[in-house]
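target_33.txt follows; it contains compact mmCIF, C-alpha atoms and all ligand atoms.
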# COMPACT_ATOMS: atom_id res chain seq x y z
CA MET A 1 19.95 4.92 -6.40
CA GLU A 2 19.30 6.58 -9.75
CA LYS A 3 15.67 7.37 -10.44
CA TYR A 4 14.20 5.14 -13.18
CA PHE A 5 10.54 6.13 -12.98
CA TYR A 6 9.02 9.35 -14.27
CA LEU A 7 5.92 11.28 -13.20
CA ASN A 8 3.02 10.29 -15.42
CA ASP A 9 0.12 12.44 -14.10
CA GLN A 10 -1.79 12.16 -17.37
CA GLY A 11 -1.53 8.36 -17.45
CA ILE A 12 -2.70 8.11 -13.85
CA LYS A 13 -5.54 10.56 -14.53
CA LYS A 14 -6.72 8.47 -17.50
CA ASP A 15 -6.68 5.19 -15.53
CA ILE A 16 -8.43 6.65 -12.47
CA GLU A 17 -11.09 8.34 -14.61
CA THR A 18 -11.65 5.10 -16.57
CA LEU A 19 -12.21 3.08 -13.38
CA SER A 20 -14.34 5.87 -11.88
CA LYS A 21 -16.91 5.22 -14.60
CA MET A 22 -17.32 1.53 -13.69
CA ILE A 23 -19.62 2.15 -10.75
CA ASP A 24 -23.18 1.59 -9.57
CA GLU A 25 -24.64 4.93 -10.66
CA LYS A 26 -27.78 4.36 -8.55
CA VAL A 27 -25.73 5.09 -5.42
CA ASP A 28 -24.31 8.56 -4.62
CA GLY A 29 -20.53 8.78 -4.84
CA TYR A 30 -18.35 6.04 -6.34
CA THR A 31 -19.60 2.53 -5.55
CA ARG A 32 -17.97 -0.62 -6.92
CA ARG A 33 -18.82 -3.37 -4.48
CA PRO A 34 -17.17 -6.79 -4.88
CA PHE A 35 -19.03 -9.57 -6.71
CA THR A 36 -21.08 -7.08 -8.73
CA LYS A 37 -21.25 -6.48 -12.49
CA TRP A 38 -19.33 -3.17 -12.09
CA TYR A 39 -16.56 -5.03 -10.26
CA GLU A 40 -16.49 -7.68 -12.99
CA GLN A 41 -16.29 -4.93 -15.63
CA SER A 42 -13.40 -3.23 -13.83
CA ARG A 43 -11.55 -6.52 -13.41
CA LYS A 44 -11.87 -7.26 -17.14
CA TRP A 45 -10.45 -3.81 -17.93
CA LEU A 46 -7.60 -4.27 -15.46
CA ALA A 47 -6.71 -7.75 -16.74
CA ASN A 48 -6.63 -6.39 -20.28
CA GLU A 49 -4.38 -3.47 -19.30
CA MET A 50 -2.07 -5.87 -17.47
CA GLU A 51 -1.83 -8.14 -20.52
CA LYS A 52 -1.16 -5.13 -22.77
CA CYS A 53 2.00 -4.36 -20.81
CA GLY A 54 3.25 -7.92 -20.87
CA LEU A 55 2.00 -9.20 -17.52
CA GLU A 56 0.96 -12.86 -17.29
CA VAL A 57 -2.52 -12.59 -15.74
CA GLN A 58 -4.27 -15.14 -13.51
CA ILE A 59 -7.10 -15.35 -10.98
CA ASP A 60 -5.98 -17.20 -7.85
CA ALA A 61 -8.01 -19.56 -5.67
CA SER A 62 -9.39 -16.65 -3.59
CA SER A 63 -10.32 -14.78 -6.82
CA ASN A 64 -7.51 -12.20 -6.51
CA LEU A 65 -6.40 -10.80 -9.88
CA ILE A 66 -2.63 -11.21 -10.24
CA GLY A 67 -0.30 -9.94 -12.98
CA LYS A 68 3.20 -11.46 -13.10
CA ILE A 69 6.50 -10.37 -14.70
CA GLU A 70 9.22 -13.02 -14.47
CA GLY A 71 12.51 -11.85 -12.92
CA LYS A 72 16.09 -12.79 -13.87
CA ASN A 73 16.52 -15.07 -10.87
CA LYS A 74 13.65 -17.53 -10.49
CA ASP A 75 15.06 -18.81 -7.19
CA LEU A 76 14.29 -15.52 -5.46
CA PRO A 77 10.84 -15.28 -3.83
CA PRO A 78 8.84 -12.65 -5.78
CA LEU A 79 8.29 -9.02 -4.84
CA MET A 80 4.61 -8.11 -4.58
CA ILE A 81 2.77 -4.82 -5.11
CA GLY A 82 -0.97 -4.65 -4.50
CA SER A 83 -4.11 -3.09 -3.12
CA HIS A 84 -7.82 -3.20 -3.95
CA THR A 85 -10.24 -1.74 -6.49
CA ASP A 86 -13.46 -2.44 -4.60
CA THR A 87 -14.99 0.51 -2.75
CA VAL A 88 -17.27 1.11 0.20
CA ALA A 89 -20.82 2.08 -0.77
CA GLY A 90 -20.81 5.79 -1.65
CA GLY A 91 -17.02 5.82 -1.55
CA GLY A 92 -14.34 7.60 -3.51
CA ARG A 93 -12.05 7.17 -6.52
CA PHE A 94 -8.67 6.68 -4.84
CA ASP A 95 -8.91 4.35 -1.80
CA GLY A 96 -7.11 1.16 -2.82
CA ILE A 97 -7.43 2.01 -6.50
CA ILE A 98 -4.21 4.02 -6.68
CA GLY A 99 -2.24 1.11 -5.23
CA VAL A 100 -3.33 -1.24 -7.99
CA LEU A 101 -2.96 1.38 -10.74
CA ALA A 102 0.51 2.22 -9.39
CA GLY A 103 1.49 -1.42 -9.99
CA LEU A 104 0.11 -1.21 -13.51
CA GLU A 105 1.98 2.03 -14.25
CA ILE A 106 5.21 0.59 -12.84
CA ALA A 107 4.80 -2.48 -15.07
CA ARG A 108 4.24 -0.21 -18.09
CA GLN A 109 7.35 1.82 -17.35
CA LEU A 110 9.48 -1.28 -16.68
CA LYS A 111 8.41 -2.64 -20.07
CA GLU A 112 9.00 0.69 -21.79
CA LYS A 113 12.57 0.78 -20.46
CA ASN A 114 13.19 -2.94 -20.87
CA ILE A 115 14.06 -3.25 -17.20
CA ILE A 116 13.99 -6.85 -15.96
CA LEU A 117 14.09 -7.08 -12.16
CA ASN A 118 16.11 -9.70 -10.32
CA HIS A 119 12.90 -10.82 -8.60
CA THR A 120 9.68 -11.90 -10.24
CA LEU A 121 7.13 -9.11 -9.70
CA LEU A 122 3.50 -9.82 -8.76
CA ILE A 123 0.91 -7.03 -9.07
CA VAL A 124 -2.28 -7.86 -7.19
CA ASP A 125 -5.82 -6.53 -7.10
CA PHE A 126 -7.07 -8.15 -3.87
CA THR A 127 -10.73 -9.10 -3.83
CA ALA A 128 -13.05 -7.31 -1.39
CA GLU A 129 -10.67 -5.42 0.87
CA GLU A 130 -13.59 -3.37 2.23
CA PRO A 131 -16.06 -4.95 4.69
CA SER A 132 -18.15 -7.11 2.37
CA GLU A 133 -21.82 -8.13 2.60
CA PHE A 134 -20.45 -11.28 4.27
CA GLY A 135 -19.23 -9.18 7.20
CA ILE A 136 -15.59 -9.89 6.33
CA SER A 137 -12.95 -7.45 5.02
CA THR A 138 -9.61 -8.09 3.29
CA LEU A 139 -11.24 -11.23 1.86
CA GLY A 140 -8.81 -11.91 -0.98
CA SER A 141 -5.67 -11.20 1.00
CA ARG A 142 -6.99 -13.40 3.86
CA GLY A 143 -7.42 -16.21 1.35
CA MET A 144 -3.97 -15.65 -0.13
CA VAL A 145 -2.36 -16.30 3.28
CA ASP A 146 -4.75 -19.09 4.33
CA ASN A 147 -6.63 -16.94 6.83
CA LEU A 148 -10.09 -17.51 5.35
CA PRO A 149 -11.39 -20.51 7.33
CA VAL A 150 -14.34 -22.66 6.22
CA GLU A 151 -16.51 -20.91 8.83
CA MET A 152 -16.00 -17.67 6.89
CA LEU A 153 -16.50 -19.33 3.48
CA LYS A 154 -19.90 -20.54 4.68
CA ARG A 155 -21.06 -17.01 5.63
CA LYS A 156 -24.05 -15.83 3.63
CA ASP A 157 -24.83 -12.32 2.36
CA PRO A 158 -28.31 -10.77 2.97
CA ASN A 159 -29.57 -12.48 -0.22
CA GLY A 160 -28.48 -15.90 1.01
CA LEU A 161 -25.46 -16.21 -1.32
CA GLU A 162 -22.63 -18.14 0.33
CA LEU A 163 -19.17 -16.59 0.19
CA TYR A 164 -17.87 -19.89 -1.20
CA ASP A 165 -20.10 -19.47 -4.26
CA ALA A 166 -19.37 -15.76 -4.59
CA ILE A 167 -15.65 -16.56 -4.86
CA ILE A 168 -16.38 -19.16 -7.55
CA GLY A 169 -18.49 -16.59 -9.38
CA ALA A 170 -15.50 -14.23 -9.37
CA GLY A 171 -13.26 -16.89 -10.91
CA GLY A 172 -11.79 -18.34 -7.71
CA ARG A 173 -11.48 -21.96 -6.62
CA PRO A 174 -12.24 -21.90 -2.84
CA GLU A 175 -11.51 -25.59 -2.44
CA GLU A 176 -7.88 -24.82 -3.38
CA ILE A 177 -7.40 -21.81 -1.08
CA SER A 178 -5.59 -23.67 1.65
CA GLU A 179 -3.31 -25.84 -0.50
CA THR A 180 -2.29 -22.92 -2.78
CA ALA A 181 -1.93 -20.28 -0.05
CA LEU A 182 1.34 -18.42 0.34
CA ARG A 183 3.46 -19.32 3.35
CA ASN A 184 6.35 -17.66 5.18
CA GLY A 185 9.23 -17.11 2.79
CA ASP A 186 7.14 -17.26 -0.38
CA ILE A 187 7.30 -13.48 -0.89
CA SER A 188 10.44 -11.34 -0.46
CA LEU A 189 8.54 -8.13 0.26
CA TYR A 190 5.06 -6.68 -0.17
CA LEU A 191 4.74 -2.96 -0.92
CA GLU A 192 1.48 -0.99 -1.03
CA LEU A 193 0.83 2.60 -2.09
CA HIS A 194 -2.33 4.03 -0.54
CA ILE A 195 -4.00 7.36 0.15
CA GLU A 196 -3.57 8.40 3.80
CA GLN A 197 -7.32 8.75 4.31
CA GLY A 198 -6.47 11.24 7.06
CA PRO A 199 -5.30 14.88 7.42
CA VAL A 200 -1.67 14.55 8.54
CA LEU A 201 0.27 14.74 5.24
CA GLU A 202 -1.79 17.67 3.96
CA GLN A 203 -1.57 19.59 7.26
CA THR A 204 2.19 19.08 7.50
CA SER A 205 2.66 19.77 3.73
CA ASN A 206 4.34 16.43 3.07
CA ASP A 207 4.22 14.58 -0.24
CA LEU A 208 4.79 11.08 1.10
CA GLY A 209 4.12 9.16 4.32
CA ILE A 210 6.24 6.19 5.40
CA VAL A 211 3.89 3.94 7.30
CA THR A 212 5.34 2.77 10.65
CA GLY A 213 2.43 0.56 11.70
CA ILE A 214 -1.13 -0.43 10.77
CA VAL A 215 -3.92 -0.64 13.30
CA GLY A 216 -5.59 -3.89 14.14
CA ILE A 217 -9.37 -3.91 13.61
CA GLN A 218 -11.86 -5.87 15.72
CA ARG A 219 -15.38 -6.01 14.31
CA TYR A 220 -18.44 -7.36 16.19
CA ARG A 221 -22.12 -7.71 15.36
CA ILE A 222 -24.42 -6.89 18.31
CA GLU A 223 -28.05 -7.94 18.39
CA VAL A 224 -30.45 -6.31 20.85
CA LYS A 225 -33.70 -8.13 21.49
CA GLY A 226 -36.63 -6.23 23.05
CA GLN A 227 -40.35 -6.51 22.44
CA PRO A 228 -42.13 -4.91 19.46
CA ASN A 229 -45.37 -3.27 20.56
CA HIS A 230 -47.90 -0.58 19.74
CA ALA A 231 -46.30 2.89 19.98
CA GLY A 232 -49.55 4.49 21.09
CA THR A 233 -51.03 2.13 23.62
CA THR A 234 -47.89 0.94 25.45
CA PRO A 235 -47.07 3.11 28.50
CA MET A 236 -43.43 4.26 28.76
CA ASN A 237 -42.79 2.10 31.85
CA MET A 238 -43.99 -1.05 30.10
CA ARG A 239 -41.69 -0.96 27.10
CA PHE A 240 -38.78 -3.21 26.06
CA ASP A 241 -37.43 -0.85 23.43
CA ALA A 242 -34.50 -2.38 21.50
CA LEU A 243 -33.55 0.88 19.77
CA THR A 244 -33.24 3.07 22.88
CA ALA A 245 -31.22 0.28 24.50
CA ALA A 246 -28.94 0.08 21.46
CA SER A 247 -28.62 3.88 21.45
CA GLU A 248 -27.53 3.91 25.08
CA LEU A 249 -24.85 1.32 24.35
CA ILE A 250 -23.70 3.12 21.17
CA LEU A 251 -23.22 6.38 23.06
CA ALA A 252 -21.35 4.43 25.75
CA ILE A 253 -19.04 2.98 23.07
CA GLU A 254 -18.20 6.53 21.99
CA LYS A 255 -17.44 7.48 25.63
CA ILE A 256 -15.29 4.35 26.11
CA ALA A 257 -13.31 5.17 22.94
CA ASN A 258 -12.66 8.66 24.32
CA LEU A 259 -10.94 7.30 27.44
CA SER A 260 -7.13 7.14 27.41
CA TYR A 261 -5.17 3.95 26.69
CA GLU A 262 -1.52 3.06 26.02
CA GLU A 263 -2.11 3.67 22.29
CA GLN A 264 -4.63 5.79 20.42
CA VAL A 265 -7.96 3.94 19.90
CA VAL A 266 -11.12 4.56 17.88
CA GLY A 267 -14.54 2.95 18.22
CA THR A 268 -17.29 3.26 15.61
CA VAL A 269 -20.82 2.03 14.97
CA GLY A 270 -21.40 2.57 11.27
CA ARG A 271 -24.05 0.05 10.35
CA LEU A 272 -27.42 -0.49 12.06
CA PHE A 273 -30.67 -2.31 11.26
CA ASN A 274 -33.86 -1.58 13.19
CA GLU A 275 -36.78 -4.02 13.13
CA PRO A 276 -39.60 -3.75 12.27
CA ASN A 277 -38.66 -0.11 11.55
CA GLY A 278 -42.21 1.21 11.64
CA SER A 279 -42.95 4.74 12.91
CA ASN A 280 -45.79 3.48 15.10
CA VAL A 281 -44.03 0.35 16.40
CA ILE A 282 -41.73 0.11 19.42
CA PRO A 283 -38.52 -1.44 17.98
CA GLY A 284 -38.27 -5.11 18.87
CA LYS A 285 -34.86 -5.95 17.46
CA VAL A 286 -31.77 -3.96 16.51
CA ILE A 287 -28.62 -5.32 14.90
CA PHE A 288 -25.54 -3.14 14.62
CA ASP A 289 -21.84 -3.55 13.82
CA VAL A 290 -19.15 -2.04 16.03
CA GLU A 291 -15.49 -1.82 15.18
CA LEU A 292 -12.55 -1.08 17.48
CA ARG A 293 -9.15 -0.06 16.13
CA SER A 294 -5.74 0.47 17.69
CA LEU A 295 -2.06 -0.33 17.28
CA SER A 296 -2.40 -2.03 20.68
CA ILE A 297 -4.27 -5.32 21.11
CA ASN A 298 -4.33 -4.63 24.85
CA ALA A 299 -6.13 -1.32 24.41
CA MET A 300 -8.78 -3.02 22.25
CA LYS A 301 -9.13 -5.74 24.89
CA LYS A 302 -9.76 -3.10 27.57
CA MET A 303 -12.33 -1.32 25.39
CA PHE A 304 -14.15 -4.56 24.67
CA GLY A 305 -14.26 -5.40 28.39
CA LEU A 306 -15.81 -2.01 29.21
CA ILE A 307 -18.37 -2.46 26.42
CA MET A 308 -19.35 -5.88 27.76
CA GLU A 309 -19.81 -4.41 31.26
CA LYS A 310 -22.07 -1.71 29.84
CA THR A 311 -24.24 -4.22 27.95
CA ARG A 312 -24.98 -5.99 31.24
CA VAL A 313 -26.05 -2.68 32.86
CA VAL A 314 -28.30 -1.76 29.94
CA GLU A 315 -29.77 -5.28 29.84
CA ASN A 316 -30.76 -4.89 33.46
CA ASP A 317 -32.10 -1.37 33.28
CA ARG A 318 -34.04 -1.83 30.07
CA ARG A 319 -34.98 -5.54 30.32
CA VAL A 320 -33.63 -6.37 26.87
CA SER A 321 -31.07 -8.98 25.85
CA PHE A 322 -27.81 -8.51 23.97
CA SER A 323 -25.88 -11.07 21.92
CA ILE A 324 -22.43 -10.36 20.47
CA ASP A 325 -20.77 -12.18 17.57
CA LYS A 326 -17.18 -11.64 16.43
CA LEU A 327 -17.24 -10.69 12.73
CA SER A 328 -13.53 -10.40 11.96
CA HIS A 329 -10.25 -9.48 13.63
CA SER A 330 -7.01 -8.26 12.03
CA GLU A 331 -3.80 -7.96 14.04
CA PRO A 332 -2.01 -4.61 14.46
CA ILE A 333 1.21 -4.56 12.45
CA LEU A 334 4.47 -2.77 13.30
CA ILE A 335 6.57 -2.41 10.15
CA GLU A 336 10.22 -3.56 10.30
CA LYS A 337 12.68 -0.70 10.92
CA GLU A 338 14.90 -1.83 8.01
CA ILE A 339 11.95 -1.60 5.60
CA ILE A 340 10.95 1.84 6.94
CA LYS A 341 14.54 3.10 6.55
CA GLY A 342 14.86 1.66 3.03
CA ILE A 343 11.60 3.21 1.84
CA GLU A 344 12.41 6.50 3.58
CA GLY A 345 15.82 6.74 1.89
CA VAL A 346 14.16 6.37 -1.51
CA CYS A 347 11.19 8.63 -0.77
CA ASN A 348 13.36 11.46 0.56
CA LYS A 349 14.74 11.76 -2.97
CA VAL A 350 11.23 11.97 -4.46
CA GLY A 351 9.44 14.37 -2.15
CA LYS A 352 8.94 15.72 1.36
CA THR A 353 8.44 12.72 3.64
CA ILE A 354 7.35 11.90 7.19
CA ARG A 355 6.70 8.72 9.16
CA LEU A 356 3.20 8.01 10.43
CA PRO A 357 0.95 5.11 11.54
CA SER A 358 -2.07 4.00 9.54
CA GLY A 359 -5.50 4.33 11.21
CA ALA A 360 -6.97 2.45 8.26
CA GLY A 361 -6.66 -1.28 7.79
CA HIS A 362 -5.22 -2.68 4.56
CA ASP A 363 -4.52 -5.89 2.67
CA ALA A 364 -1.00 -5.42 4.03
CA ASN A 365 -2.34 -6.49 7.44
CA GLN A 366 -2.96 -9.95 6.01
CA ILE A 367 0.14 -10.24 3.84
CA ALA A 368 2.22 -9.32 6.91
CA ARG A 369 1.37 -12.79 8.22
CA ILE A 370 3.72 -14.36 5.66
CA ALA A 371 6.08 -11.61 4.41
CA PRO A 372 7.76 -8.34 5.34
CA ILE A 373 5.59 -5.39 4.27
CA GLY A 374 6.01 -1.69 3.56
CA MET A 375 3.48 1.04 2.84
CA ILE A 376 3.69 4.51 1.34
CA PHE A 377 0.94 7.13 1.73
CA ILE A 378 0.06 10.14 -0.39
CA PRO A 379 -2.03 13.07 0.91
CA SER A 380 -5.84 13.05 1.07
CA LYS A 381 -7.58 16.39 0.48
CA ASP A 382 -9.07 17.61 3.79
CA GLY A 383 -8.23 14.13 5.14
CA LYS A 384 -11.44 12.80 3.63
CA SER A 385 -12.04 9.22 2.48
CA HIS A 386 -14.86 6.67 2.14
CA CYS A 387 -16.96 9.48 0.63
CA PRO A 388 -17.39 11.11 -2.81
CA GLU A 389 -15.19 14.05 -1.72
CA GLU A 390 -12.17 11.69 -1.42
CA TRP A 391 -9.47 13.37 -3.54
CA SER A 392 -5.75 13.42 -4.25
CA GLU A 393 -4.15 15.50 -7.04
CA TYR A 394 -3.03 13.34 -9.98
CA ASN A 395 0.44 14.76 -9.53
CA GLN A 396 0.42 13.57 -5.90
CA VAL A 397 -0.53 10.09 -7.09
CA ALA A 398 2.20 10.22 -9.74
CA ILE A 399 4.76 11.13 -7.04
CA GLY A 400 3.54 8.13 -5.04
CA VAL A 401 3.99 5.87 -8.08
CA VAL A 402 7.58 7.04 -8.60
CA ALA A 403 8.31 6.54 -4.88
CA LEU A 404 6.83 3.03 -4.97
CA GLY A 405 8.69 2.16 -8.17
CA ASN A 406 12.01 3.42 -6.82
CA ALA A 407 11.45 1.55 -3.56
CA LEU A 408 10.80 -1.59 -5.61
CA LEU A 409 14.11 -1.15 -7.47
CA TYR A 410 15.93 -0.47 -4.20
CA PHE A 411 14.69 -3.68 -2.55
CA ASP A 412 15.13 -5.64 -5.79
CA GLU A 413 18.86 -4.97 -5.36
CA LYS A 414 18.92 -5.20 -1.56
CA PHE A 415 17.04 -8.47 -1.11
CA LEU A 416 19.38 -10.69 -3.10
O1 LIG A 501 -11.72 0.39 6.82
C1 LIG A 501 -10.54 0.56 6.51
O2 LIG A 501 -9.72 0.84 7.35
C2 LIG A 501 -10.07 0.41 5.10
O3 LIG A 501 -10.31 1.62 4.43
N1 LIG A 501 -10.74 -0.67 4.45
MN MN A 502 -11.24 1.76 2.56
MN MN A 503 -8.13 0.84 1.24

Any chance you could give the structure as structure tokens?
Amino acid sequence: MEKYFYLNDQGIKKDIETLSKMIDEKVDGYTRRPFTKWYEQSRKWLANEMEKCGLEVQIDASSNLIGKIEGKNKDLPPLMIGSHTDTVAGGGRFDGIIGVLAGLEIARQLKEKNIILNHTLLIVDFTAEEPSEFGISTLGSRGMVDNLPVEMLKRKDPNGLELYDAIIGAGGRPEEISETALRNGDISLYLELHIEQGPVLEQTSNDLGIVTGIVGIQRYRIEVKGQPNHAGTTPMNMRFDALTAASELILAIEKIANLSYEEQVVGTVGRLFNEPNGSNVIPGKVIFDVELRSLSINAMKKMFGLIMEKTRVVENDRRVSFSIDKLSHSEPILIEKEIIKGIEGVCNKVGKTIRLPSGAGHDANQIARIAPIGMIFIPSKDGKSHCPEEWSEYNQVAIGVVALGNALLYFDEKFL
């Protein structure tokens, strides 16, 4: 397969630097949370850039931003490229962003060379891939595949805004999500370029990673109820301290995640609220989120069972009560061998390549419910992500774009 795409480091640099300015400067790092004015600003810029290179732009029912280039054969289900431009709070400049900008750059180069694909091409910026203030991640891609039930649409953020209204505010039409959702067969293939967010490619001096599978993520919200009381007058043996109880369970979660299972697992508590959070008050209530990840559902089931056992022990010992709510679950995905081989054949001609699983979740987890998917990784400096130090060289991103573009051309011919 002859290479059509060229390395455009400078173009990528310009786009990434432009988006990196559309952030909430009050927060350290690069923060562009969904449903904020910075997100709106970035979407306007992206839509304009898409239109400039001939894409037909629309906002779908779930408020995803989609650019379309018609293909020669309208009977073929489209090919889709996508990712996300929202960030975690205090995040970086590359996570998700390079996948959307890669689609934009590919569209520019296709136009420049007057290449019309056989398939219609959709380039998507999925809304709110990161865990949102509604406690749900991969929001837009969930909606696109009808995996955003009414129960989720009714969730409120800490300010009382309902997700339903937030989607309307971002240009979506939540009442149409189900009827307009994509179903099996509606998409020929979904491809996503993403930073690895881990150390493997850099440590093995590889340019490209062919993703073999994506972990499933199970997120829960745990509430610990104790009894607030005076920190000075309450003897140690008469306390019902919610924070020490939560701490004991959090350390147990770390221990449970360090046990061995049939697949690698991770367990993290990254978000915690302590009430009333006064230095002279025994904490009465603690709410924290825990997430479990693995390529094996069974392993996550075992972890969850051990965590539940531990909550009962801590409840007893510390005379507090725990309640656990499921926030969101995404299934682990194993990528089809034929897709891996196809991408690998193309990538081997672009750079040094290895196969590896993804410990991060992606919009691809959701799209995999209705279409075959493939993912390509580029290296992350020091394996860092979800922090201001997140970095990939612009040339590394440009190599990823060429690999993604060539893979697109390969499957455009193969999936006829
Ligand atoms: O959390 C994740 O795995 C992804 O970066 N949203
Ligand atoms: Mn992320
Ligand atoms: Mn991401």

Counting only C-alpha atoms, which of A:Ala371, A:Ile187, A:Leu104, A:Ile136 gets nearest to Lys52 in chain A?
A:Leu104

With all atoms listed in the file counted, collect every polymer residue having an atom within 8 Å of ligand MN 503 (chain A); state the result as JSON, numbers by chain.
{"A": [83, 84, 87, 95, 96, 97, 129, 130, 194, 195, 360, 361, 362, 363]}

Could you save those same residues with C-alpha atoms as a PDB file, in the coordinates of the input?
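This is the output file result29.pdb:
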ATOM      1  CA  SER A  83      -4.110  -3.090  -3.120  1.00  0.00           C
ATOM      2  CA  HIS A  84      -7.820  -3.200  -3.950  1.00  0.00           C
ATOM      3  CA  THR A  87     -14.990   0.510  -2.750  1.00  0.00           C
ATOM      4  CA  ASP A  95      -8.910   4.350  -1.800  1.00  0.00           C
ATOM      5  CA  GLY A  96      -7.110   1.160  -2.820  1.00  0.00           C
ATOM      6  CA  ILE A  97      -7.430   2.010  -6.500  1.00  0.00           C
ATOM      7  CA  GLU A 129     -10.670  -5.420   0.870  1.00  0.00           C
ATOM      8  CA  GLU A 130     -13.590  -3.370   2.230  1.00  0.00           C
ATOM      9  CA  HIS A 194      -2.330   4.030  -0.540  1.00  0.00           C
ATOM     10  CA  ILE A 195      -4.000   7.360   0.150  1.00  0.00           C
ATOM     11  CA  ALA A 360      -6.970   2.450   8.260  1.00  0.00           C
ATOM     12  CA  GLY A 361      -6.660  -1.280   7.790  1.00  0.00           C
ATOM     13  CA  HIS A 362      -5.220  -2.680   4.560  1.00  0.00           C
ATOM     14  CA  ASP A 363      -4.520  -5.890   2.670  1.00  0.00           C
TER      15      ASP A 363
END

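The shortest atom-to-atom distance to ligand MN 502 (chain A), with only C-alpha atoms and all ligand atoms taken into account, belongs to A:Ser132 out of A:Ser132, A:Gln109, A:Gln58, A:Ser188.
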
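Closest approach to Asp28 in chain A from the set A:Gly374, A:Gly135, A:Gly351, A:Gly92 is made by A:Gly92, with distances taken over only C-alpha atoms.
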
Quick one: residues within 12 Å of (-7.0, -2.7, 25.4) (file frame), counting all atoms listed in the file, please, as an mmCIF file with C-alpha atoms, in the coordinates of the input.
data_model
loop_
_atom_site.group_PDB
_atom_site.id
_atom_site.type_symbol
_atom_site.label_atom_id
_atom_site.label_comp_id
_atom_site.auth_asym_id
_atom_site.auth_seq_id
_atom_site.Cartn_x
_atom_site.Cartn_y
_atom_site.Cartn_z
ATOM 1 C CA GLY A 216 -5.590 -3.890 14.140
ATOM 2 C CA GLN A 218 -11.860 -5.870 15.720
ATOM 3 C CA ILE A 256 -15.290 4.350 26.110
ATOM 4 C CA ALA A 257 -13.310 5.170 22.940
ATOM 5 C CA LEU A 259 -10.940 7.300 27.440
ATOM 6 C CA SER A 260 -7.130 7.140 27.410
ATOM 7 C CA TYR A 261 -5.170 3.950 26.690
ATOM 8 C CA GLU A 262 -1.520 3.060 26.020
ATOM 9 C CA GLU A 263 -2.110 3.670 22.290
ATOM 10 C CA GLN A 264 -4.630 5.790 20.420
ATOM 11 C CA VAL A 265 -7.960 3.940 19.900
ATOM 12 C CA VAL A 266 -11.120 4.560 17.880
ATOM 13 C CA GLY A 267 -14.540 2.950 18.220
ATOM 14 C CA LEU A 292 -12.550 -1.080 17.480
ATOM 15 C CA ARG A 293 -9.150 -0.060 16.130
ATOM 16 C CA SER A 294 -5.740 0.470 17.690
ATOM 17 C CA LEU A 295 -2.060 -0.330 17.280
ATOM 18 C CA SER A 296 -2.400 -2.030 20.680
ATOM 19 C CA ILE A 297 -4.270 -5.320 21.110
ATOM 20 C CA ASN A 298 -4.330 -4.630 24.850
ATOM 21 C CA ALA A 299 -6.130 -1.320 24.410
ATOM 22 C CA MET A 300 -8.780 -3.020 22.250
ATOM 23 C CA LYS A 301 -9.130 -5.740 24.890
ATOM 24 C CA LYS A 302 -9.760 -3.100 27.570
ATOM 25 C CA MET A 303 -12.330 -1.320 25.390
ATOM 26 C CA PHE A 304 -14.150 -4.560 24.670
ATOM 27 C CA GLY A 305 -14.260 -5.400 28.390
ATOM 28 C CA LEU A 306 -15.810 -2.010 29.210
ATOM 29 C CA ILE A 307 -18.370 -2.460 26.420
#

Exercise: range 288-290 of chain A partners within 9 Å, only C-alpha atoms, chain neighbours under 4 positions left out, as a PyMOL selection string
chain A and resi 218-224+246+250+253+267-274+327

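CA of Asn8 in chain A is positioned 24.4 Å from CA of Gly198 in chain A.
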
For ligand LIG 501 (chain A), I'd like the enclosing box, axis-aligned and padded by 3 Å on every side, reported as AutoDock Vina command-line options with centre and edge lengths in Å to one decimal.
--center_x -10.7 --center_y 0.5 --center_z 5.9 --size_x 8.0 --size_y 8.3 --size_z 8.9

With all atoms listed in the file as the basis for distance, which of A:Phe5, A:Trp38, A:Phe377, A:Tyr394 is at the shortest distance from Ile210 in chain A?
A:Phe377

Range 230-235 of chain A surroundings by all atoms listed in the file, 9 Å radius, close-in-sequence under 3 positions cut, as number ranges by chain
A: 238-239, 279-282

For Thr244 in chain A, work out the shell of residues within 9 Å, counting only C-alpha atoms and skipping chain neighbours fewer than 4 positions away, then give it as JSON, numbers by chain.
{"A": [240, 248, 249, 283, 318]}

At a cut-off of 12 Å from (14.1, 1.6, 8.9) in the coordinates of the file, what residues are picked up using all atoms listed in the file, written as a ChimeraX atom specification?
/A:210-212,334-346,355,373-374

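If you measure from each of A:Ile354, A:Leu416, A:Met375, A:Ile59 to Lys72 in chain A using all atoms listed in the file, the closest one turns out to be A:Leu416.
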
Interatomic distance between CA of Asp382 in chain A and CA of Leu208 in chain A?
15.6 Å

Quick one: residues within 9 Å of range 150-156 of chain A, only C-alpha atoms, excluding same-chain residues fewer than 2 positions away - as a VMD selection string?
chain A and resid 133 to 136 148 158 to 165 167 174

For Ser385 in chain A, list every protein, DNA or RNA residue within 10 Å, evaluated using all atoms listed in the file, and leave out those in the same chain fewer than 4 positions away; present the list as a VMD selection string.
chain A and resid 88 91 to 95 195 to 198 380 to 381 389 to 391

Residue with the minimum atom-to-atom distance to Val100 in chain A, picked from A:Ser321, A:Gln203, A:Asn118, A:Asn64 with only C-alpha atoms counted, is A:Asn64

So how far away is CA of Asp86 in chain A from CA of Val397 in chain A, in Å?
18.2 Å
